[in-house]
Amino acid sequence: MADLFHYGSAAKALDADDRYGSDGEMKKTQYIMQLLGFPGDVDTLKCLLTAAEKGIEVESGILDMTKGEQDSADYRAISPFGLTPALKEAYYTIAGEPGVGVFIEGRGLGNRLAPRNAAVLATEMYWMEVGKEDVQPHIEALMTQKVCGQMADPAFVTNDIAVQTAREALTDPLDAFDEQLTSNEFVVGVYSYADIHWTIYIHLLTVMGEGVLFARHSNIKAWFERIKAHKSFSGQDIISYDFLPTLDEIKAKVMKDVECGEF
Amino acid sequence: MPFFRKKKKELRMTMRGFPGDANTCKCLLMAAEKKVKLDVEVLDVLGGACDQEAYRALSPFGKYPYLEEGDYSTTSVNAVLSFLDVRGQGGLLNPPKAQLFGQQNYWAQVSRKLCEPAVDTLVKASLYGIEGGDLDAARAQIAIVLDELNGFIDNKEYIVGVYSFADIHWTAVAHMITLAGEQDMIASRSNLSAWFDRVKARSSYAGLPSLDDVKNKQLRSVA
């Protein structure tokens, strides 16, 4: 059975000259994390963005979901139910966005992303639930129809009805999201997990050429501009949004590593 | 000079939910664990109550359960659970250690995504006579997930070691499996059976709806 995490630093000898940390400079992330996912997968991108926001350096590996690799025996040895993405740090492995996200958060730098105030925390959770249940399935449908279907099978023919159904289903959630942003700089006021989730939804709509779905929503557009210029939550001199893949990168099955550099 | 400790104000909230819904049961458990007095109202989701205009004015996407405290309200299971966790007594249920926090969320996701839809199929069929779901497929799906969980909790008192959100999720699921008459699915797995005995021994478990409560669509307040 193949070890899918055998790439990057993990594939090098412990005393290799170019292994992570070998220059003697110690960062908090003594072990680099490996993220195994797919650039067209919503949950993978949420975790990638969380890592960048929390100052965690990540080596990305590709799990080719257009070939069904999430169902392979090798991947099921890591994630028994095929939940994506999977993350490894030293001897610890975890799969699925809710688990991976909080592990990165807990190991990362700076304050917690989850608000401490009960009401604000609940509001954050509510908008994450709306995203997962009322937005994400339709983003995934569009991704399949417009991008990944043809990557999996060149003979794939886009189902126009499925595309239109997904677009229509996104109308109410986007309206509500725009209203939520009326008087908030970020989704619940302060930057939180809710922003990470919705950044991926709006980013993928944009790269798929579906920006017209929020073209009339001035609050979403203003929030998205803020997100695109938002410096890492942990204080490092990086723009987290820059690590997200373009459409060409999704099609080429390329995912950036997260490199945080200096403060 | 004596020290005076400010008495924590009694928390009283109102929740709308459905007794045959695992998510409602999770919130009842959490309220009891965190010593929050919870008045309850039944939202008959099988009768379409969450699609009524009046309810949609409160919860635009029809999500439930729905919680109110004074002027504040929130809806959907994770929002209600988090609100109760922070507002209630005692420490937060999220484990402070990143590894355990990750495992907690992993098992919560497995519950919600891979097990609860199948449990819901069994509950609807056995308790409300709603046919249409593939019962054998539902049982098979639950068995696969329970086998994995049974292996994971070997030598653990609670799912990730310490009592956490994962136990809240799975207590509600195990309770619904039992009410659906499928208790052997728990009893036949030794680690799971021992864990279920431990969570049933906690006082919070007594507040979950009984078989009659579920069949008659009634909820009991958390006192």
# chains A, B, ... in the order shown; residues from 1 in each chain; ligands from 1

$ interface_residues --of "chain A" --to "chain B" --cutoff "10 Å" --atoms "only C-alpha atoms" --output "ChimeraX atom specification"
/A:80-81,83,92-108,116-130,133-134,172-173,176

$ residues_around --residues "Lys221 of chain A" --least-positions-apart "2" --cutoff "12 Å" --atoms "only C-alpha atoms" --output "list of chain:residue names"
A:Leu174, A:Phe177, A:Asp178, A:Leu181, A:Thr182, A:Glu185, A:Phe186, A:Thr199, A:Ile202, A:His203, A:Thr206, A:Gly211, A:Val212, A:Leu213, A:Phe214, A:Ala215, A:Arg216, A:His217, A:Ser218, A:Asn219, A:Trp223, A:Phe224, A:Glu225, A:Arg226, A:Ile227, A:Lys228

$ atom_distance --atom1 "atom CA of Ile56 of chain A" --atom2 "atom CA of Asn111 of chain A"
13.5 Å

$ residues_around --residues "Cys115 of chain B" --least-positions-apart "6" --cutoff "9 Å" --atoms "only C-alpha atoms" --output "list in words"
Ala138, Gln141, Ile142, Val145, Leu146 and Val173 of chain B

$ write_last_selection --atoms "N, CA and C atoms" --output "PDB file, in the first residue's frame"
ATOM      1  N   ALA B 138     -29.892   1.691   5.148  1.00  0.00           N
ATOM      2  CA  ALA B 138     -29.667   2.565   6.310  1.00  0.00           C
ATOM      3  C   ALA B 138     -28.950   1.788   7.417  1.00  0.00           C
ATOM      4  N   GLN B 141     -25.318   1.165   6.457  1.00  0.00           N
ATOM      5  CA  GLN B 141     -24.504   2.383   6.583  1.00  0.00           C
ATOM      6  C   GLN B 141     -24.161   2.652   8.044  1.00  0.00           C
ATOM      7  N   ILE B 142     -25.172   2.539   8.911  1.00  0.00           N
ATOM      8  CA  ILE B 142     -24.935   2.783  10.346  1.00  0.00           C
ATOM      9  C   ILE B 142     -23.911   1.777  10.879  1.00  0.00           C
ATOM     10  N   VAL B 145     -20.302   2.696  10.107  1.00  0.00           N
ATOM     11  CA  VAL B 145     -19.808   3.815  10.926  1.00  0.00           C
ATOM     12  C   VAL B 145     -19.593   3.367  12.377  1.00  0.00           C
ATOM     13  N   LEU B 146     -20.547   2.603  12.905  1.00  0.00           N
ATOM     14  CA  LEU B 146     -20.419   2.159  14.301  1.00  0.00           C
ATOM     15  C   LEU B 146     -19.213   1.240  14.492  1.00  0.00           C
ATOM     16  N   VAL B 173     -27.416  10.355  18.859  1.00  0.00           N
ATOM     17  CA  VAL B 173     -27.559   9.371  17.783  1.00  0.00           C
ATOM     18  C   VAL B 173     -27.827   7.976  18.356  1.00  0.00           C
TER      19      VAL B 173
END

$ residues_around --residues "segment 39-56 of chain B" --least-positions-apart "3" --cutoff "7 Å" --atoms "only C-alpha atoms" --output "PyMOL selection string"
chain B and resi 13-18+59-62+218-222

$ write_last_selection --atoms "C-alpha atoms" --output "PDB file, in the first residue's frame"
ATOM      1  CA  MET B  13     -33.968  30.051  27.588  1.00  0.00           C
ATOM      2  CA  THR B  14     -36.673  28.802  25.242  1.00  0.00           C
ATOM      3  CA  MET B  15     -36.098  26.318  22.447  1.00  0.00           C
ATOM      4  CA  ARG B  16     -38.254  25.077  19.620  1.00  0.00           C
ATOM      5  CA  GLY B  17     -37.446  21.666  18.278  1.00  0.00           C
ATOM      6  CA  PHE B  18     -38.735  18.219  17.479  1.00  0.00           C
ATOM      7  CA  SER B  59     -35.402  31.252  10.648  1.00  0.00           C
ATOM      8  CA  PRO B  60     -35.175  32.258   6.981  1.00  0.00           C
ATOM      9  CA  PHE B  61     -33.770  28.928   5.815  1.00  0.00           C
ATOM     10  CA  GLY B  62     -36.097  26.860   8.010  1.00  0.00           C
ATOM     11  CA  GLN B 218     -43.845  16.002  22.924  1.00  0.00           C
ATOM     12  CA  LEU B 219     -40.801  17.547  24.583  1.00  0.00           C
ATOM     13  CA  ARG B 220     -39.977  18.019  28.244  1.00  0.00           C
ATOM     14  CA  SER B 221     -38.374  21.178  29.559  1.00  0.00           C
ATOM     15  CA  VAL B 222     -34.876  21.008  30.991  1.00  0.00           C
TER      16      VAL B 222
END

$ closest_residue --among "A:Glu59, A:Glu210, A:Asp153, A:Asp64" --to "Ala10 of chain A" --atoms "only C-alpha atoms"
A:Glu59

$ select_by_dssp --residues "segment 3-223 of chain B" --states "strand (DSSP E)" --output "PDB file with N, CA and C atoms, in the first residue's frame"
ATOM      1  N   ARG B  12     -32.211  31.141  31.708  1.00  0.00           N
ATOM      2  CA  ARG B  12     -33.460  30.544  31.274  1.00  0.00           C
ATOM      3  C   ARG B  12     -33.647  30.874  29.793  1.00  0.00           C
ATOM      4  N   MET B  13     -33.815  29.864  29.032  1.00  0.00           N
ATOM      5  CA  MET B  13     -33.968  30.051  27.588  1.00  0.00           C
ATOM      6  C   MET B  13     -35.156  29.241  27.082  1.00  0.00           C
ATOM      7  N   THR B  14     -35.565  29.538  25.867  1.00  0.00           N
ATOM      8  CA  THR B  14     -36.673  28.802  25.242  1.00  0.00           C
ATOM      9  C   THR B  14     -36.177  28.214  23.927  1.00  0.00           C
ATOM     10  N   MET B  15     -36.541  26.951  23.693  1.00  0.00           N
ATOM     11  CA  MET B  15     -36.098  26.318  22.447  1.00  0.00           C
ATOM     12  C   MET B  15     -37.277  25.658  21.737  1.00  0.00           C
ATOM     13  N   ARG B  16     -37.282  25.805  20.448  1.00  0.00           N
ATOM     14  CA  ARG B  16     -38.254  25.077  19.620  1.00  0.00           C
ATOM     15  C   ARG B  16     -37.515  23.969  18.876  1.00  0.00           C
ATOM     16  N   GLY B  17     -38.073  22.789  18.964  1.00  0.00           N
ATOM     17  CA  GLY B  17     -37.446  21.666  18.278  1.00  0.00           C
ATOM     18  C   GLY B  17     -38.418  20.517  18.150  1.00  0.00           C
ATOM     19  N   LYS B  37     -31.640  26.271  32.256  1.00  0.00           N
ATOM     20  CA  LYS B  37     -33.067  25.929  32.271  1.00  0.00           C
ATOM     21  C   LYS B  37     -33.650  26.240  30.896  1.00  0.00           C
ATOM     22  N   LEU B  38     -34.265  25.239  30.347  1.00  0.00           N
ATOM     23  CA  LEU B  38     -34.723  25.373  28.962  1.00  0.00           C
ATOM     24  C   LEU B  38     -36.212  25.056  28.867  1.00  0.00           C
ATOM     25  N   ASP B  39     -37.004  26.071  28.520  1.00  0.00           N
ATOM     26  CA  ASP B  39     -38.411  25.818  28.212  1.00  0.00           C
ATOM     27  C   ASP B  39     -38.474  25.394  26.752  1.00  0.00           C
ATOM     28  N   VAL B  40     -39.363  24.455  26.468  1.00  0.00           N
ATOM     29  CA  VAL B  40     -39.380  23.927  25.099  1.00  0.00           C
ATOM     30  C   VAL B  40     -40.753  24.050  24.450  1.00  0.00           C
ATOM     31  N   GLU B  41     -40.734  24.185  23.167  1.00  0.00           N
ATOM     32  CA  GLU B  41     -41.960  24.170  22.369  1.00  0.00           C
ATOM     33  C   GLU B  41     -41.712  23.217  21.201  1.00  0.00           C
ATOM     34  N   VAL B  42     -42.746  22.455  20.866  1.00  0.00           N
ATOM     35  CA  VAL B  42     -42.588  21.490  19.770  1.00  0.00           C
ATOM     36  C   VAL B  42     -42.775  22.190  18.427  1.00  0.00           C
ATOM     37  N   TYR B  66     -34.460  26.131  17.283  1.00  0.00           N
ATOM     38  CA  TYR B  66     -34.443  27.596  17.370  1.00  0.00           C
ATOM     39  C   TYR B  66     -34.398  27.963  18.839  1.00  0.00           C
ATOM     40  N   LEU B  67     -33.484  28.829  19.212  1.00  0.00           N
ATOM     41  CA  LEU B  67     -33.278  29.166  20.628  1.00  0.00           C
ATOM     42  C   LEU B  67     -33.445  30.663  20.854  1.00  0.00           C
ATOM     43  N   GLU B  68     -34.086  30.991  21.977  1.00  0.00           N
ATOM     44  CA  GLU B  68     -34.241  32.402  22.361  1.00  0.00           C
ATOM     45  C   GLU B  68     -33.757  32.596  23.783  1.00  0.00           C
ATOM     46  N   GLU B  69     -33.074  33.687  24.003  1.00  0.00           N
ATOM     47  CA  GLU B  69     -32.778  34.128  25.366  1.00  0.00           C
ATOM     48  C   GLU B  69     -32.963  35.639  25.376  1.00  0.00           C
ATOM     49  N   TYR B  72     -32.264  37.914  22.300  1.00  0.00           N
ATOM     50  CA  TYR B  72     -31.356  37.227  21.368  1.00  0.00           C
ATOM     51  C   TYR B  72     -31.966  35.911  20.901  1.00  0.00           C
ATOM     52  N   SER B  73     -31.743  35.585  19.671  1.00  0.00           N
ATOM     53  CA  SER B  73     -32.196  34.293  19.154  1.00  0.00           C
ATOM     54  C   SER B  73     -31.161  33.756  18.175  1.00  0.00           C
ATOM     55  N   THR B  74     -31.136  32.439  18.053  1.00  0.00           N
ATOM     56  CA  THR B  74     -30.265  31.819  17.056  1.00  0.00           C
ATOM     57  C   THR B  74     -30.884  30.489  16.633  1.00  0.00           C
ATOM     58  N   THR B  75     -30.420  29.958  15.540  1.00  0.00           N
ATOM     59  CA  THR B  75     -31.010  28.729  15.018  1.00  0.00           C
ATOM     60  C   THR B  75     -29.946  27.890  14.305  1.00  0.00           C
TER      61      THR B  75
END

$ atom_distance --atom1 "atom CA of Ile62 of chain A" --atom2 "atom CA of Ser79 of chain A"
14.9 Å

$ residues_around --residues "Val147 of chain A" --least-positions-apart "3" --cutoff "9 Å" --atoms "only C-alpha atoms" --output "PyMOL selection string"
chain A and resi 40+142-144+150-151+208+247+250-251

$ write_last_selection --atoms "N, CA and C atoms" --output "mmCIF file, in the first residue's frame"
data_model
loop_
_atom_site.group_PDB
_atom_site.id
_atom_site.type_symbol
_atom_site.label_atom_id
_atom_site.label_comp_id
_atom_site.auth_asym_id
_atom_site.auth_seq_id
_atom_site.Cartn_x
_atom_site.Cartn_y
_atom_site.Cartn_z
ATOM 1 N N GLY A 40 -9.912 21.895 -6.580
ATOM 2 C CA GLY A 40 -11.315 22.190 -6.895
ATOM 3 C C GLY A 40 -12.260 21.757 -5.786
ATOM 4 N N LEU A 142 -21.885 23.197 -9.473
ATOM 5 C CA LEU A 142 -21.338 24.037 -10.555
ATOM 6 C C LEU A 142 -19.911 23.599 -10.906
ATOM 7 N N MET A 143 -19.134 23.283 -9.867
ATOM 8 C CA MET A 143 -17.752 22.853 -10.095
ATOM 9 C C MET A 143 -17.720 21.568 -10.921
ATOM 10 N N THR A 144 -18.616 20.657 -10.599
ATOM 11 C CA THR A 144 -18.674 19.408 -11.358
ATOM 12 C C THR A 144 -19.079 19.673 -12.800
ATOM 13 N N GLN A 150 -15.420 17.590 -16.920
ATOM 14 C CA GLN A 150 -14.622 17.391 -18.129
ATOM 15 C C GLN A 150 -13.185 16.952 -17.806
ATOM 16 N N MET A 151 -12.711 17.351 -16.619
ATOM 17 C CA MET A 151 -11.373 16.893 -16.208
ATOM 18 C C MET A 151 -11.391 15.381 -15.982
ATOM 19 N N MET A 208 -15.142 30.403 -11.591
ATOM 20 C CA MET A 208 -15.970 29.647 -12.537
ATOM 21 C C MET A 208 -16.760 30.567 -13.467
ATOM 22 N N LEU A 247 -8.408 29.345 -11.859
ATOM 23 C CA LEU A 247 -9.086 28.318 -12.656
ATOM 24 C C LEU A 247 -8.071 27.449 -13.398
ATOM 25 N N ILE A 250 -6.611 24.987 -11.025
ATOM 26 C CA ILE A 250 -7.544 23.886 -10.728
ATOM 27 C C ILE A 250 -7.515 22.879 -11.876
ATOM 28 N N LYS A 251 -7.565 23.410 -13.081
ATOM 29 C CA LYS A 251 -7.569 22.511 -14.246
ATOM 30 C C LYS A 251 -6.250 21.745 -14.374
#

$ closest_residue --among "A:Val135, A:Val188, A:Leu4, A:Ile220" --to "Ile78 of chain A" --atoms "only C-alpha atoms"
A:Leu4

$ residues_around --residues "Tyr128 of chain B" --least-positions-apart "6" --cutoff "12 Å" --atoms "only C-alpha atoms" --output "PyMOL selection string"
chain B and resi 19-20+46-47+120-122+179-180+211-212+214-217

$ residues_around --residues "Met185 of chain B" --least-positions-apart "6" --cutoff "10 Å" --atoms "only C-alpha atoms" --output "mmCIF file with N, CA and C atoms, in the first residue's frame"
data_model
loop_
_atom_site.group_PDB
_atom_site.id
_atom_site.type_symbol
_atom_site.label_atom_id
_atom_site.label_comp_id
_atom_site.auth_asym_id
_atom_site.auth_seq_id
_atom_site.Cartn_x
_atom_site.Cartn_y
_atom_site.Cartn_z
ATOM 1 N N ARG B 139 -29.423 0.586 7.686
ATOM 2 C CA ARG B 139 -28.784 -0.242 8.737
ATOM 3 C C ARG B 139 -27.334 -0.552 8.361
ATOM 4 N N ILE B 142 -25.172 2.539 8.911
ATOM 5 C CA ILE B 142 -24.935 2.783 10.346
ATOM 6 C C ILE B 142 -23.911 1.777 10.879
ATOM 7 N N ALA B 143 -24.037 0.525 10.458
ATOM 8 C CA ALA B 143 -23.125 -0.523 10.950
ATOM 9 C C ALA B 143 -21.672 -0.208 10.587
ATOM 10 N N LEU B 146 -20.547 2.603 12.905
ATOM 11 C CA LEU B 146 -20.419 2.159 14.301
ATOM 12 C C LEU B 146 -19.213 1.240 14.492
ATOM 13 N N ASP B 147 -18.905 0.414 13.501
ATOM 14 C CA ASP B 147 -17.715 -0.444 13.602
ATOM 15 C C ASP B 147 -16.455 0.405 13.772
ATOM 16 N N ALA B 174 -27.068 7.599 19.381
ATOM 17 C CA ALA B 174 -27.269 6.277 19.997
ATOM 18 C C ALA B 174 -28.665 6.178 20.609
ATOM 19 N N ILE B 177 -31.111 5.643 17.780
ATOM 20 C CA ILE B 177 -30.989 4.258 17.290
ATOM 21 C C ILE B 177 -31.757 3.326 18.224
ATOM 22 N N THR B 178 -31.624 3.560 19.522
ATOM 23 C CA THR B 178 -32.312 2.736 20.517
ATOM 24 C C THR B 178 -33.830 2.899 20.397
ATOM 25 N N LEU B 192 -18.580 0.424 22.327
ATOM 26 C CA LEU B 192 -19.680 1.363 22.156
ATOM 27 C C LEU B 192 -20.730 1.161 23.253
ATOM 28 N N SER B 193 -20.997 -0.086 23.562
ATOM 29 C CA SER B 193 -21.984 -0.406 24.589
ATOM 30 C C SER B 193 -21.536 0.127 25.954
#

$ select_by_dssp --residues "segment 55-96 of chain B" --states "alpha helix (DSSP H)" --output "list in words"
Tyr55, Arg56, Ala57, Leu58, Val77, Asn78, Ala79, Val80, Leu81, Ser82, Phe83, Leu84, Asp85, Val86 and Arg87 of chain B

$ write_last_selection --atoms "N, CA and C atoms" --output "PDB file, in the first residue's frame"
ATOM      1  N   TYR B  55     -42.639  30.866  10.817  1.00  0.00           N
ATOM      2  CA  TYR B  55     -41.353  30.328  11.278  1.00  0.00           C
ATOM      3  C   TYR B  55     -40.213  30.820  10.389  1.00  0.00           C
ATOM      4  N   ARG B  56     -40.489  30.945   9.101  1.00  0.00           N
ATOM      5  CA  ARG B  56     -39.438  31.438   8.195  1.00  0.00           C
ATOM      6  C   ARG B  56     -39.047  32.885   8.507  1.00  0.00           C
ATOM      7  N   ALA B  57     -40.001  33.616   9.150  1.00  0.00           N
ATOM      8  CA  ALA B  57     -39.658  34.979   9.565  1.00  0.00           C
ATOM      9  C   ALA B  57     -38.606  34.940  10.674  1.00  0.00           C
ATOM     10  N   LEU B  58     -38.595  33.857  11.452  1.00  0.00           N
ATOM     11  CA  LEU B  58     -37.606  33.698  12.524  1.00  0.00           C
ATOM     12  C   LEU B  58     -36.334  33.034  12.008  1.00  0.00           C
ATOM     13  N   VAL B  77     -28.267  23.656  14.637  1.00  0.00           N
ATOM     14  CA  VAL B  77     -27.741  22.892  15.770  1.00  0.00           C
ATOM     15  C   VAL B  77     -26.400  23.394  16.283  1.00  0.00           C
ATOM     16  N   ASN B  78     -25.455  23.664  15.416  1.00  0.00           N
ATOM     17  CA  ASN B  78     -24.141  24.080  15.909  1.00  0.00           C
ATOM     18  C   ASN B  78     -24.177  25.448  16.569  1.00  0.00           C
ATOM     19  N   ALA B  79     -25.048  26.327  16.064  1.00  0.00           N
ATOM     20  CA  ALA B  79     -25.172  27.651  16.672  1.00  0.00           C
ATOM     21  C   ALA B  79     -25.770  27.522  18.076  1.00  0.00           C
ATOM     22  N   VAL B  80     -26.824  26.718  18.201  1.00  0.00           N
ATOM     23  CA  VAL B  80     -27.467  26.554  19.511  1.00  0.00           C
ATOM     24  C   VAL B  80     -26.522  25.869  20.492  1.00  0.00           C
ATOM     25  N   LEU B  81     -25.845  24.821  20.044  1.00  0.00           N
ATOM     26  CA  LEU B  81     -24.914  24.111  20.934  1.00  0.00           C
ATOM     27  C   LEU B  81     -23.797  25.040  21.416  1.00  0.00           C
ATOM     28  N   SER B  82     -23.248  25.809  20.508  1.00  0.00           N
ATOM     29  CA  SER B  82     -22.150  26.715  20.889  1.00  0.00           C
ATOM     30  C   SER B  82     -22.632  27.780  21.859  1.00  0.00           C
ATOM     31  N   PHE B  83     -23.823  28.308  21.597  1.00  0.00           N
ATOM     32  CA  PHE B  83     -24.375  29.347  22.472  1.00  0.00           C
ATOM     33  C   PHE B  83     -24.578  28.789  23.880  1.00  0.00           C
ATOM     34  N   LEU B  84     -25.173  27.602  23.974  1.00  0.00           N
ATOM     35  CA  LEU B  84     -25.405  26.981  25.279  1.00  0.00           C
ATOM     36  C   LEU B  84     -24.079  26.688  25.979  1.00  0.00           C
ATOM     37  N   ASP B  85     -23.100  26.241  25.221  1.00  0.00           N
ATOM     38  CA  ASP B  85     -21.804  25.881  25.796  1.00  0.00           C
ATOM     39  C   ASP B  85     -21.153  27.087  26.461  1.00  0.00           C
ATOM     40  N   VAL B  86     -21.173  28.217  25.760  1.00  0.00           N
ATOM     41  CA  VAL B  86     -20.507  29.406  26.299  1.00  0.00           C
ATOM     42  C   VAL B  86     -21.336  30.047  27.408  1.00  0.00           C
ATOM     43  N   ARG B  87     -22.649  30.104  27.226  1.00  0.00           N
ATOM     44  CA  ARG B  87     -23.500  30.778  28.215  1.00  0.00           C
ATOM     45  C   ARG B  87     -23.703  29.937  29.470  1.00  0.00           C
TER      46      ARG B  87
END
